[in-house]
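**Student:** Structure incoming, see below.
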There are 2 protein chains.
Amino acid sequence: MIRRYDFGTPFPTDSTVLTLTPEAAPVPHFTTRQEGTAVSFSLPLSEEDMIFGLGESVRGINKRGHLYRAWNSDDFSHTENKASLYASHNLVLFFGPEKCFGVYVDDPGEVIFDLGYTHRREAVITSTGGDVSLYLIEGESMIDLCRQFRQLTGRSYMPPKWALGYIQSRWGYATEEELRTIVSEHRSRHIPLDGVSMDIDYMQDFKDFTWNQDNFPDLPGLARALREEHIRLVPIIDAGVKQEEGYDICDEGVQQDFFCKKEDGSLFVGAVWPGRSYFPDFLRPDVRQWFGSRYHRLMDAGIEGFWNDMNEPALFYSEESLQEAYAMADRHRGGNLGIDETFALKDAFVNIANSPADYRRFYHELDGRRVRHDRVHNLYGMNMTRAAAEGFRAYDPDKRFLLFSRSSYVGAHRYGGVWQGDNSSWWSHLLMNLKMMPSLNMCGFLYCGADLGGFSCNTTEDLLLRWLQLGVFTPLMRNHTAQHTRNQEIYRFDNWEQMRDVLTVRYALLPYLYSELMQAVLTDGMLFRPLAFDYPADATACRTEDQVMLGRDCMIAPVYEQNATGRHVYLPEEMLLVRFRSATDFDLVPVPAGHCWINLQLNEFPLFIRKGHVVPLSAGGEYVESVDWKRFALLGWLEDDVDVVTDLYDDDGQSTAVTLKEHLTPIRVAVSEGRAAAEAEGLTLDVTPLLID
Amino acid sequence: MIRRYDFGTPFPTDSTVLTLTPEAAPVPHFTTRQEGTAVSFSLPLSEEDMIFGLGESVRGINKRGHLYRAWNSDDFSHTENKASLYASHNLVLFFGPEKCFGVYVDDPGEVIFDLGYTHRREAVITSTGGDVSLYLIEGESMIDLCRQFRQLTGRSYMPPKWALGYIQSRWGYATEEELRTIVSEHRSRHIPLDGVSMDIDYMQDFKDFTWNQDNFPDLPGLARALREEHIRLVPIIDAGVKQEEGYDICDEGVQQDFFCKKEDGSLFVGAVWPGRSYFPDFLRPDVRQWFGSRYHRLMDAGIEGFWNDMNEPALFYSEESLQEAYAMADRHRGGNLGIDETFALKDAFVNIANSPADYRRFYHELDGRRVRHDRVHNLYGMNMTRAAAEGFRAYDPDKRFLLFSRSSYVGAHRYGGVWQGDNSSWWSHLLMNLKMMPSLNMCGFLYCGADLGGFSCNTTEDLLLRWLQLGVFTPLMRNHTAQHTRNQEIYRFDNWEQMRDVLTVRYALLPYLYSELMQAVLTDGMLFRPLAFDYPADATACRTEDQVMLGRDCMIAPVYEQNATGRHVYLPEEMLLVRFRSATDFDLVPVPAGHCWINLQLNEFPLFIRKGHVVPLSAGGEYVESVDWKRFALLGWLEDDVDVVTDLYDDDGQSTAVTLKEHLTPIRVAVSEGRAAAEAEGLTLDVTPLLID
């Protein structure tokens with residue numbers, strides 16, 4: 001059951017699809033306090049209580065013990081002390097001996113989540129602005145709370161099937177020739193590949209919806225040629241629009257009054273990649289309609305997928321923040337700077353970016369009303385994504401396009417996926433990638449993943465290899481890195497064959513992964529879940545942070561430590577360990593419930609299949625379209641004389657109008673006297689790998 | 001066996017105490033290459049090879065898979081990508097199926113260690129300057145190599161006994177009243193305490209060897225009064241000397257020509273805490289003699305311990321680096337900055353600190369010869385510490401003083417300890433603290449520890465509690481934090497009693513810890529060792545990175561994850577688990593060899609004692625001098641009918657002239673028919689807690 005409580009004048013965020021009538025306070029479970037404009041909700045925590053949710057944020061699956069701040073931030077240093085990343089997903093779930101409820105804090109301004117940080121035994125959630133709709137969700141389990149939340153906020157985005165293929169990316173790809181080389185280097189080595197994503201350098205002077213005519217003299221031709229090789233190009237679109245007379249997007253926006261303005265009515269100017277830029281007021285339907293329609297230019301050139309970036313919005317500087325820094329320099333020039341002055345001077349220049357003052361300098365318009373940006377800050381990225389998604393729908397309502405965004409808010413999960421932002425080539429970020437997946441899933445973001453190998457800093461061969469072994473299971477599987485870092489394409493490494501072998505597993509599991517993803521989408525479920533969700537009565541499972549449940553049948557437990565040749569795994573029930581080296585080279589080991597140690601050499605990674613479940617493994621392929629969706633070996637560990645039925649979902653991979661029922665094929669495995677026989681309409685099934693006892 | 005190979009003209013670092021005659025190249029095991037001035041040494045790695053050493057550096061105990069750079073750096077962000085921290089400990093040990101040797105790269109300039117980073121299967125060590133003495137150490141085991149290395153580089157520093165007590169610290173303590181409050185808050189709650197360390201704010205205008213007369217009107221009186229409460233004050237001394245006429249230290253240094261100069265002979269000026277400062281040329285014996293003698297002023301005031309800081313040396317800026325930044329600002333003013341210009345502008349101000357150009361701007365003098373700083377950069381901190389240690393010896397040659405430093409080089413381990421620098425309140429840094437201990441020990445640094453609770457960022461109650469549980473075992477046990485962070489004294493937290501209970505274990509184990517530390521010092525051994533060193537034939541033990549051996553008898557395995565209520569532990573042999581809640585409240589659990597899961601609630605932490613070993617536990621106390629060193633309960637798990645003898649070391653805790661023999665007391669435990677009897681001259685022993693089977 002969900003109840004809504006309103007405080008102040010909540011801004012209509014469109015994050016929910018159900019319209020609930022607000023109830024009268026007090027909010028059950030919580031103590032509500034008003035202090036100035038702020039309103040806070042607190043509750044005591046027992047020693048055993050755990051806290052889930054908050055989607056894209058640092059630290060554990062259990063969020064207890066830190067302070068988080070909903071404030072979409074372009075901050076590339078994802079250290080564990082950070083309170084904010086690029087997105088705000090204000091769902092918090094309380095789980096304990098006497099707690100099974102959650103709150104969704106629908107406030108697009110700053111919200112502080114003090115989850116046992118100031119006091120271990122207390123959680124305090126504070127809306128700074130005090131205009132908030134608080135949704136209290138009560139139910140019988142964490143899974144139930146998440147399903148209710150999805151019903152409140154709407155069905156998750158459905159990617160096209162090809163978007164589950166492997167995508168190669170780098171900030172720095174700048175020419176047609178480079179892209180062709182990357183494709184041919186993969187194809188010639190039989191390294192699977194479905195897409196190449198294009199970062200900012202493909203554009204002309206970083207102008208949205210342009211491409212550099214020298215470097216891409218015939219983008220439609222290139223897209224067509226690569227499409228014949230089953231490769232899609234995935235260009236980036238940024239939030240800021242270059243301030244340049246004669247640049248049509250800029251001119252249109254200015255003429256039609258589509259950009260954000262300052263208090264005095266003049267256009268707000270902030271700098272991003274192209275220097276001084278304007279910021280479309282994405283909160284307005286007419287602006288979204290306009291901006292969304294501009295994607296059509298690239299779609300006409302054959303593009304079927306995009307990523308939206310810089311939409312927190314990131315601001316490198318404003319004239320105002322820059323002037324303040326210059327003034328600070330002038331003030332200190334010639335002086336004998338002590339420590340306070342030194343830090344103040346450095347900070348002045350560091351802080352020209354994303355300055356809180358700048359976020360107070362511009363306004364949005366909604367139904368003729370002006371809203372200062374900082375009050376609705378966390379909605380910006382979501383509405384850019386919405387603009388794109390609405391533009392795609394206008395272009396072809398029957399077709400799915402790939403779309404993922406850096407910044408988001410609850411509700412954006414209906415329009416696209418997210419990547420986990422500008423992470424680093426750190427082993428700790430491989431683990432963070434894993435932990436963030438279930439948290440994002442809780443908040444509705446099912447199509448997601450992190451930059452495999454890491455974005456900033458230099459990766460190493462073993463880090464990329466281990467990270468790909470996790471990426472095998474994330475819907476978005478993209479290798480991406482920053483400018484000036486070490487080469488990160490698989491084929492650049494000494495032992496690239498091991499990485500290719502990892503990718504063969506991805507493609508062999510594609511039918512299964514797609515089936516589980518789509519079933520999660522269509523049932524308001526989760527592809528990734530904390531063990532606590534599936535085994536709430538198992539205290540050890542509940543505290544397990546480095547393993548997650550995958551789909552209905554599996555658990556994953558990647559190696560995330562350098563030089564490790566194995567890892568500890570906790571099995572809440574007996575499972576079949578599939579120790580993969582490649583799609584055709586793997587061990588099948590039945591493992592009893594409890595704690596165990598699994599040996600995993602650098603080229604090995606595990607998939608655990610719950611006993612009594614089966615997972616179909618295809619022959620794989622070098623691109624999604626080449627995968628044979630009709631012929632499978634079945635992996636599983638089954639009890640004798642117990643039959644198993646599982647549903648495999650499949651569709652054409654691109655239609656938007658799909659329903660669960662018409663696309664499910666039941667796979668029936670009959671087990672008797674130590675032998676299995678399997679059948680499913682239209683499928684050829686090999687039961688040889690099944691273990692039976 | 002150690003062999004020395006010289007390349008170029010090695011600088012006499014004084015890091016070794018043995019003088020070996022250089023042998024003719026080639027260096028066995030390595031391929032030597034000259035490229036320009038640089039000389040590099042490479043060797044192939046097998047998949048199984050592990051690499052140990054490098055003392056103070058990030059990442060694993062096994063250093064394989066990263067690039068490290070010997071370049072002492074004041075960089076507070078200890079993320080895993082960092083190549084340098086504050087110290088350079090250029091010992092690297094190779095361990096594998098066909099490798100058991102090490103190299104010590106005695107070059108105080110930049111040295112790059114590419115340990116399987118560029119290519120997984122190759123290690124390359126490069127001396128950029130090419131003036132290097134390479135010591136090749138061969139032996140029968142890793143422990144043997146480390147012992148040989150210590151014989152080459154000299155016996156480790158011996159701290160006074162009181163230095164193993166708990167020390168409270170914070171950047172920000174500024175007045176006598178504050179210090180008295182801290183002491184009384186500990187004493188009134190019976191939280192053990194032996195020292196309060198004083199960060200820069202006790203000084204007058206950040207001037208070395210001064211104290212603020214307003215805030216400390218009678219420092220000698222305060223020191224005396226606190227000493228009566230068994231508390232020592234531990235002030236900080238910085239490397240830079242404030243440029244100020246009339247300030248005696250500055251005047252003396254200028255008059256006697258003790259400061260580093262630029263090429264044109266003018267004094268080099270760099271800014272640190274007090275603003276513009278001079279830098280003593282610590283590489284000169286006369287400068288060390290002078291600077292070391294200046295500690296006497298504080299020693300006369302009753303001070304018995306110091307910490308040396310900012311001695312990389314850290315440079316906040318120089319006039320030159322500042323002018324370059326201002327010039328960059330002038331160049332960009334009024335312009336429409338694109339991304340390159342924006343980053344260049346920000347970087348110009350960020351990079352005013354510790355600029356490579358500044359380290360090339362000043363010179364040292366040695367025997368009339370001028371040496372540019374960057375060629376000997378990594379020696380600076382060591383020689384400041386040496387200056388202090390030599391000053392202490394001059395003050396009282398028979399007494400041990402506490403001394404630890406931020407920056408160091410091999411050889412500094414003879415003069416003082418180190419702390420692990422300005423870490424953060426991150427769970428990952430708790431683990432890094434653990435991993436760095438054996439690496440520091442390998443390089444001779446036995447008296448060491450990290451800022452418990454974390455220096456920068458805000459700690460949480462559970463992080464500090466878990467960190468104290470590790471700190472129980474580190475010789476330096478100091479709670480320290482930065483300016484403007486959350487209060488971090490134990491008594492500030494809701495459940496401070498749990499932290500106090502942890503400290504009771506430290507004080508109960510003090511006789512054992514002191515004994516093991518001193519035996520390690522006097523036998524050129526290690527207090528902390530990787531499991532690989534003790535169980536080289538056990539492949540799983542070799543890869544274990546989150547447990548370390550402590551002394552001759554124990555293994556520690558702290559919890560380092562937030563919200564964890566237990567952890568996985570690998571036991572290479574059967575051991576007794578002591579699950580401590582306090583010195584008087586603990587469980588004794590015999591645990592078989594192999595992998596296991598240990599439940600550890602937030603207030604519980606484990607000590608593992610090898611079967612057949614005994615550990616004496618005293619009754620503890622609230623300060624070191626109150627600990628009863630004569631009365632012990634014995635902890636251990638013994639086999640029936642097998643007698644055990646172990647040596648307990650003790651001395652007066654302050655004399656410098658100590659030998660192993662005269663201070664060892666054998667504890668003999670006779671076990672027969674399921675019963676134990678123990679005896680040791682002058683000790684009262686309780687065998688009740690012993691488990692026998």
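Chain lettering (A, B, ...) mirrors the order of the structure tokens, residue numbering begins at 1 for each chain separately, and ligand numbering begins at 1 in order of display.
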Output as a PyMOL selection string the set of chain B residues within 6 Å of chain A, with distances taken over only C-alpha atoms.

**Tutor:** chain B and resi 273-275+336-339+346+349-350

**Student:** Do a neighbour search on A:Phe533 at 8 Å with only C-alpha atoms, toss out local chain neighbours closer than 6 positions, and write the hits as a CSV table (one decimal) with all heavy atoms, in the first residue's frame.

**Tutor:**
```
chain,number,residue,atom,x,y,z
A,141,SER,N,7.3,-7.5,1.6
A,141,SER,CA,8.7,-7.9,1.4
A,141,SER,C,9.4,-6.7,0.6
A,141,SER,O,8.7,-5.8,0.1
A,141,SER,CB,8.8,-9.1,0.6
A,141,SER,OG,8.4,-8.9,-0.7
A,142,MET,N,10.7,-6.7,0.6
A,142,MET,CA,11.4,-5.7,-0.2
A,142,MET,C,11.0,-5.8,-1.6
A,142,MET,O,10.9,-4.8,-2.3
A,142,MET,CB,12.9,-5.9,0.0
A,142,MET,CG,13.5,-5.6,1.4
A,142,MET,SD,13.4,-3.9,1.8
A,142,MET,CE,12.2,-3.9,3.1
A,143,ILE,N,10.9,-7.0,-2.1
A,143,ILE,CA,10.5,-7.2,-3.6
A,143,ILE,C,9.2,-6.6,-3.8
A,143,ILE,O,8.9,-5.9,-4.8
A,143,ILE,CB,10.6,-8.7,-3.9
A,143,ILE,CG1,12.1,-9.1,-3.9
A,143,ILE,CG2,9.9,-8.9,-5.3
A,143,ILE,CD1,12.3,-10.6,-4.2
A,542,CYS,N,21.7,-11.6,4.0
A,542,CYS,CA,21.3,-10.2,4.1
A,542,CYS,C,22.5,-9.3,4.2
A,542,CYS,O,22.4,-8.2,3.6
A,542,CYS,CB,20.4,-10.0,5.3
A,542,CYS,SG,18.7,-10.6,5.1
```

**Student:** If DSSP is run on the backbone, what residues of stretch 305-553 of chain B are strand (DSSP E or B)? A reply as a ChimeraX atom specification would be ideal.

**Tutor:** /B:305-309,317-318,362-366,369-372,399,402-405,408-409,417-419,424,448-449,451-452,456,477-479,528-530,548-550

**Student:** Compile the contact shell of stretch 160-168 of chain A as a PyMOL selection string: residues with an atom at most 9 Å away, counting only C-alpha atoms, same-chain residues fewer than 6 positions apart removed.

**Tutor:** chain A and resi 182-183+192-197+232+234+305+399-402+447+472+474-480+489-490+503+506-507+510+513-514+623-625+651-656

**Student:** May I have the residues from that selection written out with N, CA and C atoms, as a compact mmCIF listing (two decimals), in the first residue's frame?

**Tutor:**
```txt
# COMPACT_ATOMS: atom_id res chain seq x y z
N ILE A 182 38.50 0.33 -35.52
CA ILE A 182 38.04 -0.36 -34.31
C ILE A 182 37.16 -1.55 -34.69
N VAL A 183 36.25 -1.30 -35.60
CA VAL A 183 35.35 -2.39 -36.03
C VAL A 183 36.16 -3.52 -36.66
N PRO A 192 33.42 -10.30 -30.36
CA PRO A 192 32.06 -9.84 -30.61
C PRO A 192 31.91 -8.33 -30.44
N LEU A 193 31.05 -7.74 -31.22
CA LEU A 193 30.83 -6.28 -31.16
C LEU A 193 29.51 -5.94 -31.82
N ASP A 194 28.75 -5.06 -31.19
CA ASP A 194 27.49 -4.59 -31.77
C ASP A 194 27.39 -3.09 -31.93
N GLY A 195 28.31 -2.38 -31.30
CA GLY A 195 28.18 -0.93 -31.41
C GLY A 195 29.48 -0.23 -31.09
N VAL A 196 29.60 0.97 -31.63
CA VAL A 196 30.71 1.85 -31.26
C VAL A 196 30.08 3.16 -30.83
N SER A 197 30.44 3.59 -29.63
CA SER A 197 29.82 4.84 -29.21
C SER A 197 30.78 5.99 -29.48
N ARG A 232 26.19 -0.75 -34.81
CA ARG A 232 25.50 0.53 -34.70
C ARG A 232 26.43 1.60 -34.12
N VAL A 234 26.66 4.96 -31.84
CA VAL A 234 25.88 5.52 -30.73
C VAL A 234 26.49 6.86 -30.32
N GLY A 305 20.67 4.88 -31.78
CA GLY A 305 20.91 4.93 -30.34
C GLY A 305 21.72 6.15 -29.95
N LYS A 399 9.12 1.53 -32.82
CA LYS A 399 10.48 1.02 -32.74
C LYS A 399 11.16 1.46 -31.45
N ARG A 400 11.94 0.51 -30.89
CA ARG A 400 12.74 0.86 -29.72
C ARG A 400 14.09 1.41 -30.16
N PHE A 401 14.52 2.45 -29.49
CA PHE A 401 15.86 3.02 -29.73
C PHE A 401 16.67 2.88 -28.45
N LEU A 402 17.98 2.86 -28.64
CA LEU A 402 18.85 2.83 -27.47
C LEU A 402 18.99 4.24 -26.92
N TYR A 447 17.97 -1.08 -17.46
CA TYR A 447 19.00 -1.06 -18.50
C TYR A 447 20.11 -0.15 -18.00
N VAL A 472 29.59 -9.05 -18.47
CA VAL A 472 28.84 -10.12 -19.14
C VAL A 472 27.38 -10.11 -18.72
N THR A 474 25.66 -7.37 -17.18
CA THR A 474 24.94 -6.09 -17.10
C THR A 474 24.34 -5.76 -18.47
N PRO A 475 23.07 -5.34 -18.47
CA PRO A 475 22.40 -5.10 -19.75
C PRO A 475 23.20 -4.17 -20.67
N LEU A 476 23.64 -3.05 -20.14
CA LEU A 476 24.55 -2.18 -20.90
C LEU A 476 25.95 -2.72 -20.68
N MET A 477 26.60 -3.14 -21.77
CA MET A 477 27.95 -3.71 -21.65
C MET A 477 28.87 -2.89 -22.54
N ARG A 478 29.41 -1.84 -21.95
CA ARG A 478 30.19 -0.90 -22.73
C ARG A 478 31.58 -0.70 -22.13
N ASN A 479 32.58 -0.83 -22.93
CA ASN A 479 33.97 -0.52 -22.58
C ASN A 479 34.19 0.94 -22.98
N HIS A 480 34.43 1.78 -21.98
CA HIS A 480 34.55 3.21 -22.27
C HIS A 480 35.67 3.80 -21.42
N GLU A 489 40.77 -0.70 -25.78
CA GLU A 489 40.07 -1.69 -26.61
C GLU A 489 40.69 -3.07 -26.33
N ILE A 490 39.86 -4.06 -26.33
CA ILE A 490 40.30 -5.42 -25.99
C ILE A 490 41.55 -5.82 -26.77
N LEU A 503 33.72 -12.51 -23.70
CA LEU A 503 32.59 -12.00 -24.51
C LEU A 503 31.77 -13.12 -25.14
N ARG A 506 28.98 -13.82 -22.89
CA ARG A 506 27.91 -12.83 -22.98
C ARG A 506 26.94 -13.19 -24.12
N TYR A 507 27.50 -13.48 -25.27
CA TYR A 507 26.65 -13.73 -26.44
C TYR A 507 25.94 -15.07 -26.33
N LEU A 510 23.01 -14.41 -24.11
CA LEU A 510 22.14 -13.31 -24.52
C LEU A 510 20.65 -13.65 -24.48
N LEU A 513 19.67 -13.62 -20.87
CA LEU A 513 19.74 -12.29 -20.26
C LEU A 513 18.64 -11.38 -20.79
N TYR A 514 18.39 -11.47 -22.09
CA TYR A 514 17.33 -10.66 -22.68
C TYR A 514 15.97 -11.08 -22.11
N TYR A 623 27.75 -11.00 -33.06
CA TYR A 623 26.86 -9.85 -32.91
C TYR A 623 25.47 -10.40 -32.61
N VAL A 624 24.64 -9.56 -32.06
CA VAL A 624 23.36 -10.03 -31.54
C VAL A 624 22.55 -10.75 -32.61
N GLU A 625 22.53 -10.15 -33.80
CA GLU A 625 21.69 -10.74 -34.85
C GLU A 625 22.16 -12.13 -35.29
N ASP A 651 11.27 -11.80 -28.45
CA ASP A 651 10.45 -11.03 -29.36
C ASP A 651 11.33 -10.58 -30.51
N ASP A 652 10.84 -9.68 -31.35
CA ASP A 652 11.64 -9.27 -32.50
C ASP A 652 12.76 -8.30 -32.12
N GLY A 653 12.79 -7.93 -30.85
CA GLY A 653 13.90 -7.11 -30.37
C GLY A 653 13.78 -5.65 -30.67
N GLN A 654 12.66 -5.25 -31.27
CA GLN A 654 12.58 -3.82 -31.59
C GLN A 654 11.18 -3.21 -31.48
N SER A 655 10.16 -4.06 -31.46
CA SER A 655 8.81 -3.49 -31.38
C SER A 655 8.54 -2.93 -29.99
N THR A 656 7.79 -1.86 -29.94
CA THR A 656 7.46 -1.27 -28.64
C THR A 656 6.22 -1.91 -28.03
```

**Student:** Just list as a VMD selection string whatever in stretch 154-344 of chain B DSSP marks as alpha helix (DSSP H).

**Tutor:** chain B and resid 176 to 189 219 to 228 248 to 255 285 to 294 296 to 300 319 to 332 339 to 344

**Student:** Please provide the set of residues having any atom within 6 Å of A:Ala541, restricted to only C-alpha atoms, with same-chain residues fewer than 3 positions apart removed, written as a ChimeraX atom specification.

**Tutor:** /A:531-532,538,544

**Student:** Since we have the selection now, will you write its residues out, keeping C-alpha atoms, as a PDB file, in the first residue's frame?

**Tutor:**
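The resulting file, part.pdb, is shown below:
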```pdb
ATOM      1  CA  LEU A 531      20.582 -11.468  -1.594  1.00  0.00           C
ATOM      2  CA  ALA A 532      18.585  -9.903   1.239  1.00  0.00           C
ATOM      3  CA  ASP A 538      19.050 -15.598   6.210  1.00  0.00           C
ATOM      4  CA  THR A 544      26.323 -10.162   1.730  1.00  0.00           C
TER       5      THR A 544
END
```

**Student:** By how many Å are atom CA of B:Gly129 and atom CA of B:Phe268 apart?

**Tutor:**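 Distance reported for this atom pair: 22.9 Å.
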
**Student:** Using only C-alpha atoms, can you tell me which of A:Asp6, A:Asp107, A:Glu681, A:Asp251 comes closest to A:Arg375?

**Tutor:**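 Using only C-alpha atoms, the shortest distance to A:Arg375 belongs to A:Asp107.
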
**Student:** Using only C-alpha atoms for the distances, tell me which of A:Phe149, A:Phe392, A:Phe30, A:Tyr135 is nearest to A:Gly444.

**Tutor:** A:Phe149

**Student:** Counting only C-alpha atoms, what is within 8 Å of B:Gly253, bar same-chain residues fewer than 5 positions away, as JSON, numbers by chain?

**Tutor:** {"B": [258, 259, 280]}

**Student:** Using only C-alpha atoms, which residues sit within 9 Å of B:Tyr363 once same-chain residues fewer than 4 positions away are excluded, as a PDB file with N, CA and C atoms, in the first residue's frame?

**Tutor:**
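In the end it all went to part03.pdb:
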```pdb
ATOM      1  N   CYS B 260      68.385  25.988   1.755  1.00  0.00           N
ATOM      2  CA  CYS B 260      68.600  25.633   0.350  1.00  0.00           C
ATOM      3  C   CYS B 260      68.545  26.890  -0.518  1.00  0.00           C
ATOM      4  N   LYS B 261      69.364  26.864  -1.568  1.00  0.00           N
ATOM      5  CA  LYS B 261      69.456  28.029  -2.441  1.00  0.00           C
ATOM      6  C   LYS B 261      69.113  27.694  -3.884  1.00  0.00           C
ATOM      7  N   LYS B 262      68.831  28.732  -4.620  1.00  0.00           N
ATOM      8  CA  LYS B 262      68.562  28.581  -6.049  1.00  0.00           C
ATOM      9  C   LYS B 262      69.887  28.622  -6.810  1.00  0.00           C
ATOM     10  N   GLU B 263      69.784  28.441  -8.101  1.00  0.00           N
ATOM     11  CA  GLU B 263      71.004  28.375  -8.900  1.00  0.00           C
ATOM     12  C   GLU B 263      71.830  29.649  -8.782  1.00  0.00           C
ATOM     13  N   PHE B 268      66.150  29.903  -1.640  1.00  0.00           N
ATOM     14  CA  PHE B 268      64.894  29.410  -2.211  1.00  0.00           C
ATOM     15  C   PHE B 268      63.768  29.665  -1.225  1.00  0.00           C
ATOM     16  N   ASP B 281      68.841  22.745   4.613  1.00  0.00           N
ATOM     17  CA  ASP B 281      69.497  21.757   3.756  1.00  0.00           C
ATOM     18  C   ASP B 281      69.904  20.558   4.617  1.00  0.00           C
ATOM     19  N   TYR B 359      60.772  21.851  -7.676  1.00  0.00           N
ATOM     20  CA  TYR B 359      61.761  20.899  -7.149  1.00  0.00           C
ATOM     21  C   TYR B 359      63.055  20.913  -7.974  1.00  0.00           C
ATOM     22  N   ARG B 370      77.283  21.136  -5.485  1.00  0.00           N
ATOM     23  CA  ARG B 370      75.856  21.468  -5.502  1.00  0.00           C
ATOM     24  C   ARG B 370      75.064  20.356  -6.186  1.00  0.00           C
ATOM     25  N   VAL B 371      73.971  19.969  -5.577  1.00  0.00           N
ATOM     26  CA  VAL B 371      73.128  18.919  -6.145  1.00  0.00           C
ATOM     27  C   VAL B 371      71.715  19.455  -6.287  1.00  0.00           C
ATOM     28  N   ARG B 372      71.198  19.388  -7.492  1.00  0.00           N
ATOM     29  CA  ARG B 372      69.843  19.905  -7.701  1.00  0.00           C
ATOM     30  C   ARG B 372      68.869  19.029  -6.929  1.00  0.00           C
ATOM     31  N   HIS B 373      67.895  19.674  -6.301  1.00  0.00           N
ATOM     32  CA  HIS B 373      67.005  18.951  -5.393  1.00  0.00           C
ATOM     33  C   HIS B 373      66.334  17.736  -6.020  1.00  0.00           C
ATOM     34  N   ASP B 374      65.848  17.875  -7.226  1.00  0.00           N
ATOM     35  CA  ASP B 374      65.071  16.760  -7.793  1.00  0.00           C
ATOM     36  C   ASP B 374      65.892  15.475  -7.913  1.00  0.00           C
TER      37      ASP B 374
END
```
